[in-house]
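Asker: This is model_30.cif, which holds mmCIF, N, CA, C and O atoms:
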```cif
data_run
loop_
_atom_site.label_atom_id
_atom_site.label_comp_id
_atom_site.auth_asym_id
_atom_site.auth_seq_id
_atom_site.Cartn_x
_atom_site.Cartn_y
_atom_site.Cartn_z
N MET I 1 1.72 -56.81 4.30
CA MET I 1 1.49 -57.82 3.28
C MET I 1 1.17 -59.17 3.92
O MET I 1 0.29 -59.88 3.46
N LYS I 2 1.91 -59.51 4.99
CA LYS I 2 1.66 -60.78 5.67
C LYS I 2 0.25 -60.81 6.28
O LYS I 2 -0.40 -61.84 6.27
N ALA I 3 -0.18 -59.66 6.79
CA ALA I 3 -1.52 -59.59 7.38
C ALA I 3 -2.59 -59.84 6.34
O ALA I 3 -3.60 -60.51 6.61
N ILE I 4 -2.42 -59.32 5.14
CA ILE I 4 -3.39 -59.53 4.07
C ILE I 4 -3.42 -61.01 3.67
O ILE I 4 -4.49 -61.59 3.48
N LEU I 5 -2.25 -61.61 3.56
CA LEU I 5 -2.16 -63.03 3.21
C LEU I 5 -2.82 -63.89 4.29
O LEU I 5 -3.58 -64.81 3.98
N LEU I 6 -2.56 -63.58 5.55
CA LEU I 6 -3.15 -64.32 6.65
C LEU I 6 -4.67 -64.17 6.64
O LEU I 6 -5.40 -65.14 6.79
N ALA I 7 -5.16 -62.95 6.47
CA ALA I 7 -6.60 -62.71 6.44
C ALA I 7 -7.25 -63.46 5.28
O ALA I 7 -8.32 -64.05 5.44
N GLY I 8 -6.61 -63.47 4.12
CA GLY I 8 -7.15 -64.20 2.97
C GLY I 8 -7.20 -65.69 3.23
O GLY I 8 -8.17 -66.36 2.88
N THR I 9 -6.17 -66.22 3.84
CA THR I 9 -6.12 -67.65 4.15
C THR I 9 -7.22 -68.01 5.14
O THR I 9 -7.93 -69.01 4.97
N LEU I 10 -7.37 -67.22 6.20
CA LEU I 10 -8.42 -67.49 7.19
C LEU I 10 -9.80 -67.42 6.55
O LEU I 10 -10.67 -68.22 6.86
N TYR I 11 -10.01 -66.47 5.67
CA TYR I 11 -11.28 -66.34 4.99
C TYR I 11 -11.59 -67.61 4.19
O TYR I 11 -12.70 -68.13 4.24
N LEU I 12 -10.61 -68.11 3.45
CA LEU I 12 -10.82 -69.31 2.65
C LEU I 12 -11.14 -70.51 3.53
O LEU I 12 -11.99 -71.33 3.19
N VAL I 13 -10.48 -70.63 4.67
CA VAL I 13 -10.75 -71.74 5.58
C VAL I 13 -12.18 -71.63 6.11
O VAL I 13 -12.91 -72.61 6.14
N LEU I 14 -12.57 -70.44 6.52
CA LEU I 14 -13.92 -70.25 7.05
C LEU I 14 -14.98 -70.51 6.00
O LEU I 14 -16.00 -71.14 6.26
N VAL I 15 -14.78 -70.04 4.78
CA VAL I 15 -15.75 -70.25 3.71
C VAL I 15 -15.84 -71.72 3.36
O VAL I 15 -16.93 -72.26 3.16
N SER I 16 -14.72 -72.43 3.32
CA SER I 16 -14.74 -73.84 2.91
C SER I 16 -15.37 -74.73 3.97
O SER I 16 -15.86 -75.80 3.65
N THR I 17 -15.37 -74.31 5.25
CA THR I 17 -15.96 -75.15 6.29
C THR I 17 -17.32 -74.64 6.75
O THR I 17 -17.97 -75.28 7.56
N ALA I 18 -17.78 -73.52 6.23
CA ALA I 18 -19.04 -72.93 6.69
C ALA I 18 -20.23 -73.84 6.44
O ALA I 18 -21.13 -73.93 7.26
N GLY I 19 -20.26 -74.55 5.33
CA GLY I 19 -21.38 -75.41 5.02
C GLY I 19 -21.23 -76.83 5.54
O GLY I 19 -22.13 -77.64 5.37
N ALA I 20 -20.12 -77.14 6.17
CA ALA I 20 -19.88 -78.49 6.65
C ALA I 20 -20.84 -78.83 7.78
O ALA I 20 -21.02 -78.06 8.71
N GLN I 21 -21.47 -79.98 7.69
CA GLN I 21 -22.37 -80.43 8.74
C GLN I 21 -21.62 -81.40 9.62
O GLN I 21 -20.74 -82.14 9.16
N PRO I 22 -21.94 -81.42 10.91
CA PRO I 22 -21.26 -82.34 11.81
C PRO I 22 -21.55 -83.79 11.43
O PRO I 22 -22.65 -84.11 10.98
N LEU I 23 -20.57 -84.63 11.62
CA LEU I 23 -20.75 -86.05 11.33
C LEU I 23 -21.46 -86.71 12.51
O LEU I 23 -21.46 -86.18 13.62
N PRO I 24 -22.07 -87.88 12.29
CA PRO I 24 -22.73 -88.58 13.39
C PRO I 24 -21.77 -88.83 14.56
O PRO I 24 -20.56 -88.97 14.37
N THR I 25 -22.33 -88.93 15.74
CA THR I 25 -21.54 -89.13 16.96
C THR I 25 -20.64 -90.35 16.85
O THR I 25 -19.50 -90.32 17.29
N GLU I 26 -21.15 -91.43 16.24
CA GLU I 26 -20.35 -92.65 16.11
C GLU I 26 -19.04 -92.40 15.38
O GLU I 26 -18.01 -92.97 15.72
N LEU I 27 -19.08 -91.54 14.36
CA LEU I 27 -17.86 -91.23 13.61
C LEU I 27 -16.99 -90.25 14.37
O LEU I 27 -15.77 -90.40 14.41
N ALA I 28 -17.60 -89.25 14.97
CA ALA I 28 -16.84 -88.25 15.72
C ALA I 28 -16.08 -88.90 16.87
O ALA I 28 -14.93 -88.53 17.15
N GLN I 29 -16.68 -89.88 17.53
CA GLN I 29 -16.01 -90.57 18.63
C GLN I 29 -14.77 -91.34 18.17
O GLN I 29 -13.86 -91.57 18.95
N LEU I 30 -14.76 -91.72 16.91
CA LEU I 30 -13.60 -92.43 16.35
C LEU I 30 -12.54 -91.46 15.82
O LEU I 30 -11.49 -91.88 15.36
N GLY I 31 -12.84 -90.17 15.86
CA GLY I 31 -11.90 -89.17 15.35
C GLY I 31 -12.03 -88.92 13.86
O GLY I 31 -11.17 -88.30 13.25
N ILE I 32 -13.12 -89.38 13.27
CA ILE I 32 -13.35 -89.19 11.83
C ILE I 32 -13.97 -87.81 11.62
O ILE I 32 -14.97 -87.47 12.27
N ILE I 33 -13.37 -87.04 10.74
CA ILE I 33 -13.85 -85.69 10.47
C ILE I 33 -14.01 -85.50 8.96
O ILE I 33 -13.41 -86.21 8.16
N ALA I 34 -14.83 -84.52 8.60
CA ALA I 34 -14.99 -84.19 7.18
C ALA I 34 -13.65 -83.74 6.63
O ALA I 34 -12.91 -83.02 7.29
N GLY I 35 -13.32 -84.22 5.45
CA GLY I 35 -12.04 -83.90 4.82
C GLY I 35 -10.98 -84.95 5.03
O GLY I 35 -9.94 -84.94 4.37
N MET I 36 -11.23 -85.88 5.95
CA MET I 36 -10.26 -86.95 6.23
C MET I 36 -10.18 -87.91 5.04
O MET I 36 -11.20 -88.23 4.44
N PRO I 37 -8.98 -88.37 4.71
CA PRO I 37 -8.88 -89.37 3.64
C PRO I 37 -9.74 -90.60 3.97
O PRO I 37 -9.74 -91.08 5.12
N TYR I 38 -10.46 -91.10 2.99
CA TYR I 38 -11.35 -92.23 3.20
C TYR I 38 -10.58 -93.47 3.69
O TYR I 38 -11.07 -94.19 4.56
N ALA I 39 -9.39 -93.71 3.17
CA ALA I 39 -8.63 -94.89 3.58
C ALA I 39 -8.39 -94.89 5.09
O ALA I 39 -8.51 -95.93 5.75
N LYS I 40 -8.09 -93.73 5.65
CA LYS I 40 -7.86 -93.63 7.10
C LYS I 40 -9.17 -93.82 7.86
O LYS I 40 -9.23 -94.54 8.86
N ALA I 41 -10.25 -93.20 7.38
CA ALA I 41 -11.56 -93.35 8.03
C ALA I 41 -12.00 -94.81 7.99
O ALA I 41 -12.52 -95.33 8.98
N LYS I 42 -11.77 -95.48 6.87
CA LYS I 42 -12.15 -96.89 6.74
C LYS I 42 -11.39 -97.76 7.74
O LYS I 42 -11.96 -98.64 8.38
N ARG I 43 -10.08 -97.50 7.90
CA ARG I 43 -9.29 -98.26 8.89
C ARG I 43 -9.84 -98.06 10.30
O ARG I 43 -9.94 -99.02 11.07
N LEU I 44 -10.21 -96.83 10.64
CA LEU I 44 -10.77 -96.55 11.97
C LEU I 44 -12.11 -97.26 12.16
O LEU I 44 -12.38 -97.84 13.22
N LEU I 45 -12.96 -97.22 11.14
CA LEU I 45 -14.25 -97.90 11.22
C LEU I 45 -14.08 -99.41 11.33
O LEU I 45 -14.74 -100.06 12.14
N ASP I 46 -13.19 -99.98 10.52
CA ASP I 46 -12.92 -101.42 10.58
C ASP I 46 -12.44 -101.83 11.97
O ASP I 46 -12.90 -102.83 12.54
N ALA I 47 -11.53 -101.05 12.54
CA ALA I 47 -10.97 -101.36 13.87
C ALA I 47 -12.04 -101.29 14.96
O ALA I 47 -11.95 -101.99 15.97
N ALA I 48 -13.06 -100.47 14.75
CA ALA I 48 -14.14 -100.31 15.73
C ALA I 48 -15.28 -101.31 15.51
O ALA I 48 -16.30 -101.25 16.19
N GLY I 49 -15.11 -102.22 14.54
CA GLY I 49 -16.12 -103.25 14.31
C GLY I 49 -17.18 -102.92 13.29
O GLY I 49 -18.14 -103.68 13.13
N TRP I 50 -17.05 -101.80 12.60
CA TRP I 50 -17.99 -101.45 11.53
C TRP I 50 -17.57 -102.19 10.26
O TRP I 50 -16.38 -102.30 9.98
N HIS I 51 -18.53 -102.68 9.50
CA HIS I 51 -18.24 -103.43 8.28
C HIS I 51 -18.88 -102.73 7.08
O HIS I 51 -20.06 -102.40 7.11
N ALA I 52 -18.09 -102.55 6.04
CA ALA I 52 -18.59 -101.92 4.82
C ALA I 52 -19.48 -102.90 4.07
O ALA I 52 -19.14 -104.07 3.93
N LYS I 53 -20.62 -102.40 3.60
CA LYS I 53 -21.50 -103.21 2.77
C LYS I 53 -21.04 -103.08 1.33
O LYS I 53 -20.59 -102.01 0.92
N PRO I 54 -21.17 -104.12 0.54
CA PRO I 54 -20.83 -104.01 -0.88
C PRO I 54 -21.71 -102.97 -1.57
O PRO I 54 -22.88 -102.83 -1.24
N ALA I 55 -21.12 -102.25 -2.49
CA ALA I 55 -21.87 -101.25 -3.26
C ALA I 55 -22.91 -101.96 -4.13
O ALA I 55 -22.61 -102.94 -4.78
N GLN I 56 -24.14 -101.44 -4.11
CA GLN I 56 -25.20 -102.03 -4.91
C GLN I 56 -25.90 -100.94 -5.70
O GLN I 56 -26.20 -99.88 -5.18
N GLY I 57 -26.15 -101.21 -6.96
CA GLY I 57 -26.92 -100.30 -7.79
C GLY I 57 -26.17 -99.08 -8.29
O GLY I 57 -26.75 -98.22 -8.91
N ALA I 58 -24.88 -99.00 -8.02
CA ALA I 58 -24.09 -97.87 -8.50
C ALA I 58 -23.49 -98.22 -9.87
O ALA I 58 -23.11 -99.36 -10.10
N PRO I 59 -23.39 -97.23 -10.76
CA PRO I 59 -22.84 -97.50 -12.09
C PRO I 59 -21.40 -98.01 -12.05
O PRO I 59 -21.00 -98.78 -12.90
N GLU I 60 -20.62 -97.59 -11.06
CA GLU I 60 -19.23 -98.05 -10.96
C GLU I 60 -18.76 -97.97 -9.53
O GLU I 60 -19.37 -97.31 -8.69
N SER I 61 -17.67 -98.68 -9.22
CA SER I 61 -17.07 -98.58 -7.90
C SER I 61 -15.77 -97.79 -8.01
O SER I 61 -15.22 -97.61 -9.10
N LEU I 62 -15.29 -97.33 -6.88
CA LEU I 62 -14.09 -96.52 -6.84
C LEU I 62 -12.86 -97.43 -6.86
O LEU I 62 -12.82 -98.43 -6.15
N ASP I 63 -11.88 -97.09 -7.68
CA ASP I 63 -10.65 -97.90 -7.78
C ASP I 63 -10.04 -98.13 -6.41
O ASP I 63 -9.81 -97.18 -5.65
N GLY I 64 -9.81 -99.39 -6.07
CA GLY I 64 -9.19 -99.74 -4.80
C GLY I 64 -10.17 -99.86 -3.65
O GLY I 64 -9.80 -100.28 -2.56
N PHE I 65 -11.42 -99.44 -3.86
CA PHE I 65 -12.43 -99.49 -2.82
C PHE I 65 -13.74 -100.04 -3.41
O PHE I 65 -14.66 -99.28 -3.71
N PRO I 66 -13.83 -101.36 -3.56
CA PRO I 66 -15.01 -101.94 -4.22
C PRO I 66 -16.32 -101.70 -3.47
O PRO I 66 -17.39 -101.80 -4.06
N GLU I 67 -16.23 -101.35 -2.18
CA GLU I 67 -17.44 -101.09 -1.40
C GLU I 67 -18.03 -99.70 -1.66
O GLU I 67 -19.12 -99.39 -1.21
N VAL I 68 -17.29 -98.85 -2.38
CA VAL I 68 -17.73 -97.48 -2.65
C VAL I 68 -18.37 -97.41 -4.04
O VAL I 68 -17.73 -97.70 -5.04
N GLY I 69 -19.65 -97.04 -4.06
CA GLY I 69 -20.35 -96.87 -5.32
C GLY I 69 -20.30 -95.41 -5.76
O GLY I 69 -20.40 -94.50 -4.94
N CYS I 70 -20.12 -95.20 -7.07
CA CYS I 70 -20.00 -93.84 -7.61
C CYS I 70 -20.88 -93.66 -8.84
O CYS I 70 -21.21 -94.62 -9.53
N GLN I 71 -21.22 -92.40 -9.09
CA GLN I 71 -21.86 -92.06 -10.35
C GLN I 71 -20.80 -92.15 -11.44
O GLN I 71 -19.61 -92.27 -11.15
N LYS I 72 -21.20 -92.07 -12.69
CA LYS I 72 -20.25 -92.27 -13.79
C LYS I 72 -19.11 -91.28 -13.81
O LYS I 72 -18.03 -91.59 -14.25
N ASP I 73 -19.30 -90.07 -13.28
CA ASP I 73 -18.21 -89.10 -13.28
C ASP I 73 -17.21 -89.35 -12.16
O ASP I 73 -16.15 -88.74 -12.12
N GLY I 74 -17.52 -90.25 -11.24
CA GLY I 74 -16.61 -90.58 -10.15
C GLY I 74 -16.52 -89.51 -9.08
O GLY I 74 -15.70 -89.60 -8.18
N LYS I 75 -17.38 -88.50 -9.15
CA LYS I 75 -17.29 -87.42 -8.18
C LYS I 75 -18.30 -87.56 -7.06
O LYS I 75 -18.10 -87.02 -5.99
N GLN I 76 -19.39 -88.23 -7.29
CA GLN I 76 -20.40 -88.45 -6.26
C GLN I 76 -20.35 -89.91 -5.85
O GLN I 76 -20.85 -90.77 -6.56
N CYS I 77 -19.72 -90.17 -4.71
CA CYS I 77 -19.52 -91.54 -4.25
C CYS I 77 -20.08 -91.70 -2.84
O CYS I 77 -20.16 -90.74 -2.08
N ALA I 78 -20.43 -92.94 -2.50
CA ALA I 78 -20.96 -93.22 -1.17
C ALA I 78 -20.75 -94.68 -0.82
O ALA I 78 -20.57 -95.53 -1.70
N THR I 79 -20.78 -94.96 0.46
CA THR I 79 -20.72 -96.32 0.95
C THR I 79 -21.49 -96.39 2.26
O THR I 79 -21.81 -95.36 2.86
N THR I 80 -21.79 -97.59 2.70
CA THR I 80 -22.54 -97.78 3.94
C THR I 80 -21.77 -98.75 4.83
O THR I 80 -21.25 -99.76 4.36
N PHE I 81 -21.71 -98.42 6.11
CA PHE I 81 -21.09 -99.29 7.11
C PHE I 81 -22.17 -99.75 8.08
O PHE I 81 -23.10 -99.00 8.38
N GLU I 82 -22.04 -101.00 8.56
CA GLU I 82 -23.01 -101.58 9.49
C GLU I 82 -22.30 -102.10 10.73
O GLU I 82 -21.16 -102.58 10.66
N LYS I 83 -23.02 -101.99 11.86
CA LYS I 83 -22.53 -102.56 13.12
C LYS I 83 -23.72 -102.69 14.06
O LYS I 83 -24.45 -101.72 14.27
N ASP I 84 -23.92 -103.87 14.60
CA ASP I 84 -24.98 -104.13 15.59
C ASP I 84 -26.33 -103.59 15.15
O ASP I 84 -27.05 -102.96 15.92
N GLY I 85 -26.69 -103.81 13.89
CA GLY I 85 -27.98 -103.39 13.38
C GLY I 85 -28.08 -101.91 13.01
O GLY I 85 -29.11 -101.46 12.54
N GLN I 86 -27.02 -101.15 13.24
CA GLN I 86 -27.00 -99.74 12.85
C GLN I 86 -26.31 -99.60 11.50
O GLN I 86 -25.46 -100.40 11.14
N GLN I 87 -26.69 -98.56 10.77
CA GLN I 87 -26.05 -98.25 9.49
C GLN I 87 -25.65 -96.79 9.46
O GLN I 87 -26.36 -95.94 9.99
N ILE I 88 -24.51 -96.53 8.85
CA ILE I 88 -24.05 -95.16 8.61
C ILE I 88 -23.71 -95.05 7.13
O ILE I 88 -22.90 -95.82 6.62
N ALA I 89 -24.36 -94.10 6.46
CA ALA I 89 -24.06 -93.82 5.05
C ALA I 89 -23.01 -92.72 5.00
O ALA I 89 -23.18 -91.66 5.61
N VAL I 90 -21.91 -92.99 4.32
CA VAL I 90 -20.80 -92.04 4.23
C VAL I 90 -20.69 -91.56 2.79
O VAL I 90 -20.55 -92.37 1.87
N ARG I 91 -20.79 -90.26 2.59
CA ARG I 91 -20.64 -89.67 1.27
C ARG I 91 -19.20 -89.19 1.12
O ARG I 91 -18.63 -88.60 2.03
N LEU I 92 -18.66 -89.46 -0.06
CA LEU I 92 -17.25 -89.17 -0.32
C LEU I 92 -17.09 -88.23 -1.50
O LEU I 92 -17.87 -88.26 -2.44
N GLY I 93 -16.04 -87.45 -1.44
CA GLY I 93 -15.61 -86.66 -2.58
C GLY I 93 -14.27 -87.22 -3.03
O GLY I 93 -13.71 -88.10 -2.37
N THR I 94 -13.77 -86.74 -4.13
CA THR I 94 -12.45 -87.16 -4.59
C THR I 94 -11.60 -85.93 -4.87
O THR I 94 -12.11 -84.91 -5.34
N THR I 95 -10.33 -86.05 -4.57
CA THR I 95 -9.40 -84.96 -4.85
C THR I 95 -9.11 -84.93 -6.34
O THR I 95 -9.51 -85.84 -7.08
N LEU I 96 -8.40 -83.91 -6.79
CA LEU I 96 -8.02 -83.83 -8.20
C LEU I 96 -7.18 -85.04 -8.60
O LEU I 96 -7.18 -85.46 -9.75
N ALA I 97 -6.45 -85.60 -7.64
CA ALA I 97 -5.63 -86.78 -7.90
C ALA I 97 -6.45 -88.07 -7.83
O ALA I 97 -5.91 -89.16 -8.01
N GLY I 98 -7.76 -87.95 -7.53
CA GLY I 98 -8.63 -89.12 -7.51
C GLY I 98 -8.70 -89.83 -6.17
O GLY I 98 -9.27 -90.91 -6.07
N GLN I 99 -8.13 -89.24 -5.11
CA GLN I 99 -8.15 -89.87 -3.79
C GLN I 99 -9.44 -89.52 -3.07
O GLN I 99 -9.82 -88.35 -2.99
N PRO I 100 -10.15 -90.52 -2.53
CA PRO I 100 -11.41 -90.25 -1.84
C PRO I 100 -11.21 -89.66 -0.45
O PRO I 100 -10.24 -89.97 0.23
N PHE I 101 -12.15 -88.79 -0.06
CA PHE I 101 -12.14 -88.22 1.28
C PHE I 101 -13.58 -88.13 1.79
O PHE I 101 -14.54 -88.10 1.01
N VAL I 102 -13.73 -88.11 3.10
CA VAL I 102 -15.05 -88.05 3.74
C VAL I 102 -15.63 -86.65 3.56
O VAL I 102 -14.98 -85.66 3.89
N GLN I 103 -16.85 -86.59 3.03
CA GLN I 103 -17.55 -85.31 2.91
C GLN I 103 -18.59 -85.15 4.01
O GLN I 103 -18.63 -84.15 4.68
N SER I 104 -19.42 -86.16 4.16
CA SER I 104 -20.49 -86.11 5.15
C SER I 104 -20.99 -87.52 5.42
O SER I 104 -20.58 -88.46 4.75
N ALA I 105 -21.87 -87.63 6.39
CA ALA I 105 -22.43 -88.94 6.73
C ALA I 105 -23.71 -88.75 7.50
O ALA I 105 -23.97 -87.71 8.09
N ASP I 106 -24.54 -89.79 7.48
CA ASP I 106 -25.72 -89.83 8.32
C ASP I 106 -26.19 -91.27 8.48
O ASP I 106 -25.67 -92.17 7.90
#
```
Could you rewrite the structure in this file as structure tokens?

Answerer:
Amino acid sequence: MKAILLAGTLYLVLVSTAGAQPLPTELAQLGIIAGMPYAKAKRLLDAAGWHAKPAQGAPESLDGFPEVGCQKDGKQCATTFEKDGQQIAVRLGTTLAGQPFVQSAD
């Protein structure tokens, strides 16, 4: 029974990460990974000198994170960070509890 449970768990992990694309090197070097809570990723980016741009043209911003622009359903969110003329667009998802997490970036 334990073997079946373990196999099922491993399958779910593999399926959930199979479509994940690697994040840009700048984020990976900071230890930012897909699935990480956005608040933690933002602290790491801020500490490394990246600055969030204000959300522009989005119907609404995410509660507690005015730099994150979202569609009206609050499920498709994104923000942009800048440093030394470079930009990184970070796409976010939200948990059922409404907490943002890193989905992908480029």

Asker: Could you expand the PyMOL selection byres ((chain I and resi 23) around 8) into the explicit residues it covers here, written as a list of chain:residue names?

Answerer: I:Ala20, I:Gln21, I:Pro22, I:Pro24, I:Thr25, I:Glu26, I:Leu27, I:Ala28, I:Gln29, I:Ile32, I:Ile33, I:Ala34, I:Gln103, I:Ser104, I:Ala105, I:Asp106

Asker: Which one is closest to Ile88 in chain I: I:Ala52, I:Leu44, I:Leu30, I:Ala58? Count all atoms listed in the file.

Answerer: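 Counting all atoms listed in the file, the residue closest to Ile88 in chain I is I:Ala52.
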
Asker: Pick out the closest residue to Gly69 in chain I from this set: I:Ala89, I:Met36, I:Val102, I:Ala55. Count only N, CA, C and O atoms.

Answerer: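 Closest to Gly69 in chain I, using only N, CA, C and O atoms: I:Ala55.
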
Asker: Write out as a PyMOL selection string the residues lying within 8 Å of Ala48 in chain I, counting all atoms listed in the file and excluding same-chain residues fewer than 3 positions away.

Answerer: chain I and resi 30+41-45+51+82-83

Asker: Take the selection from the previous step and output its residues with N, CA, C and O atoms, as a compact mmCIF listing (two decimals), keeping the file's coordinate frame.

Answerer:
```
# COMPACT_ATOMS: atom_id res chain seq x y z
N LEU I 30 -14.76 -91.72 16.91
CA LEU I 30 -13.60 -92.43 16.35
C LEU I 30 -12.54 -91.46 15.82
O LEU I 30 -11.49 -91.88 15.36
N ALA I 41 -10.25 -93.20 7.38
CA ALA I 41 -11.56 -93.35 8.03
C ALA I 41 -12.00 -94.81 7.99
O ALA I 41 -12.52 -95.33 8.98
N LYS I 42 -11.77 -95.48 6.87
CA LYS I 42 -12.15 -96.89 6.74
C LYS I 42 -11.39 -97.76 7.74
O LYS I 42 -11.96 -98.64 8.38
N ARG I 43 -10.08 -97.50 7.90
CA ARG I 43 -9.29 -98.26 8.89
C ARG I 43 -9.84 -98.06 10.30
O ARG I 43 -9.94 -99.02 11.07
N LEU I 44 -10.21 -96.83 10.64
CA LEU I 44 -10.77 -96.55 11.97
C LEU I 44 -12.11 -97.26 12.16
O LEU I 44 -12.38 -97.84 13.22
N LEU I 45 -12.96 -97.22 11.14
CA LEU I 45 -14.25 -97.90 11.22
C LEU I 45 -14.08 -99.41 11.33
O LEU I 45 -14.74 -100.06 12.14
N HIS I 51 -18.53 -102.68 9.50
CA HIS I 51 -18.24 -103.43 8.28
C HIS I 51 -18.88 -102.73 7.08
O HIS I 51 -20.06 -102.40 7.11
N GLU I 82 -22.04 -101.00 8.56
CA GLU I 82 -23.01 -101.58 9.49
C GLU I 82 -22.30 -102.10 10.73
O GLU I 82 -21.16 -102.58 10.66
N LYS I 83 -23.02 -101.99 11.86
CA LYS I 83 -22.53 -102.56 13.12
C LYS I 83 -23.72 -102.69 14.06
O LYS I 83 -24.45 -101.72 14.27
```

Asker: Would you mind telling me which residue in I:Asp84, I:Pro54, I:Thr94, I:Pro59 lies nearest to Lys72 in chain I when using all atoms listed in the file?

Answerer: I:Pro59

Asker: Would you work out the distance separating atom N of Phe65 in chain I from CA of Gly85 in chain I, expressed in Å to one decimal?

Answerer: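 Value for the atom N of Phe65 in chain I-CA of Gly85 in chain I distance: 24.2 Å.
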
Asker: Report, in Å with one decimal, the straight-line distance from atom O of Ala97 in chain I to atom O of Lys53 in chain I.

Answerer: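 It comes out at 21.5 Å.
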
Asker: Tell me, in Å to one decimal, how far CA of Gln71 in chain I is from CA of Asp46 in chain I.

Answerer: 24.6 Å

Asker: Would you translate the PyMOL selection byres (((chain I and resi 93 and name CA) around 8) and name CA) into the concrete set of residues it matches in this file, as an MDAnalysis selection string?

Answerer: chainID I and resid 75:77 91:92 94:95 100:103

Asker: Once you have the residues from the selection above, write them out as a PDB file, in the coordinates of the input, restricted to N, CA, C and O atoms.

Answerer:
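As a result, part-v2.pdb now contains:
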```pdb
ATOM      1  N   LYS I  75     -17.380 -88.500  -9.150  1.00  0.00           N
ATOM      2  CA  LYS I  75     -17.290 -87.420  -8.180  1.00  0.00           C
ATOM      3  C   LYS I  75     -18.300 -87.560  -7.060  1.00  0.00           C
ATOM      4  O   LYS I  75     -18.100 -87.020  -5.990  1.00  0.00           O
ATOM      5  N   GLN I  76     -19.390 -88.230  -7.290  1.00  0.00           N
ATOM      6  CA  GLN I  76     -20.400 -88.450  -6.260  1.00  0.00           C
ATOM      7  C   GLN I  76     -20.350 -89.910  -5.850  1.00  0.00           C
ATOM      8  O   GLN I  76     -20.850 -90.770  -6.560  1.00  0.00           O
ATOM      9  N   CYS I  77     -19.720 -90.170  -4.710  1.00  0.00           N
ATOM     10  CA  CYS I  77     -19.520 -91.540  -4.250  1.00  0.00           C
ATOM     11  C   CYS I  77     -20.080 -91.700  -2.840  1.00  0.00           C
ATOM     12  O   CYS I  77     -20.160 -90.740  -2.080  1.00  0.00           O
ATOM     13  N   ARG I  91     -20.790 -90.260   2.590  1.00  0.00           N
ATOM     14  CA  ARG I  91     -20.640 -89.670   1.270  1.00  0.00           C
ATOM     15  C   ARG I  91     -19.200 -89.190   1.120  1.00  0.00           C
ATOM     16  O   ARG I  91     -18.630 -88.600   2.030  1.00  0.00           O
ATOM     17  N   LEU I  92     -18.660 -89.460  -0.060  1.00  0.00           N
ATOM     18  CA  LEU I  92     -17.250 -89.170  -0.320  1.00  0.00           C
ATOM     19  C   LEU I  92     -17.090 -88.230  -1.500  1.00  0.00           C
ATOM     20  O   LEU I  92     -17.870 -88.260  -2.440  1.00  0.00           O
ATOM     21  N   THR I  94     -13.770 -86.740  -4.130  1.00  0.00           N
ATOM     22  CA  THR I  94     -12.450 -87.160  -4.590  1.00  0.00           C
ATOM     23  C   THR I  94     -11.600 -85.930  -4.870  1.00  0.00           C
ATOM     24  O   THR I  94     -12.110 -84.910  -5.340  1.00  0.00           O
ATOM     25  N   THR I  95     -10.330 -86.050  -4.570  1.00  0.00           N
ATOM     26  CA  THR I  95      -9.400 -84.960  -4.850  1.00  0.00           C
ATOM     27  C   THR I  95      -9.110 -84.930  -6.340  1.00  0.00           C
ATOM     28  O   THR I  95      -9.510 -85.840  -7.080  1.00  0.00           O
ATOM     29  N   PRO I 100     -10.150 -90.520  -2.530  1.00  0.00           N
ATOM     30  CA  PRO I 100     -11.410 -90.250  -1.840  1.00  0.00           C
ATOM     31  C   PRO I 100     -11.210 -89.660  -0.450  1.00  0.00           C
ATOM     32  O   PRO I 100     -10.240 -89.970   0.230  1.00  0.00           O
ATOM     33  N   PHE I 101     -12.150 -88.790  -0.060  1.00  0.00           N
ATOM     34  CA  PHE I 101     -12.140 -88.220   1.280  1.00  0.00           C
ATOM     35  C   PHE I 101     -13.580 -88.130   1.790  1.00  0.00           C
ATOM     36  O   PHE I 101     -14.540 -88.100   1.010  1.00  0.00           O
ATOM     37  N   VAL I 102     -13.730 -88.110   3.100  1.00  0.00           N
ATOM     38  CA  VAL I 102     -15.050 -88.050   3.740  1.00  0.00           C
ATOM     39  C   VAL I 102     -15.630 -86.650   3.560  1.00  0.00           C
ATOM     40  O   VAL I 102     -14.980 -85.660   3.890  1.00  0.00           O
ATOM     41  N   GLN I 103     -16.850 -86.590   3.030  1.00  0.00           N
ATOM     42  CA  GLN I 103     -17.550 -85.310   2.910  1.00  0.00           C
ATOM     43  C   GLN I 103     -18.590 -85.150   4.010  1.00  0.00           C
ATOM     44  O   GLN I 103     -18.630 -84.150   4.680  1.00  0.00           O
TER      45      GLN I 103
END
```

Asker: Using only N, CA, C and O atoms for the distances, tell me which of I:Gly31, I:Gln99, I:Gln56, I:Pro37 is nearest to Ala78 in chain I.

Answerer: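 The closest residue to Ala78 in chain I is I:Gln56.
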
Asker: Taking all atoms of range 46-56 of chain I that the file lists, what box with edges along x, y and z, padded by 4 Å per side, do you get, with centre and edge lengths in Å to one decimal, as lines of an AutoDock Vina configuration file?

Answerer:
```
center_x = -18.6
center_y = -102.0
center_z = 5.2
size_x = 23.2
size_y = 12.2
size_z = 29.9
```
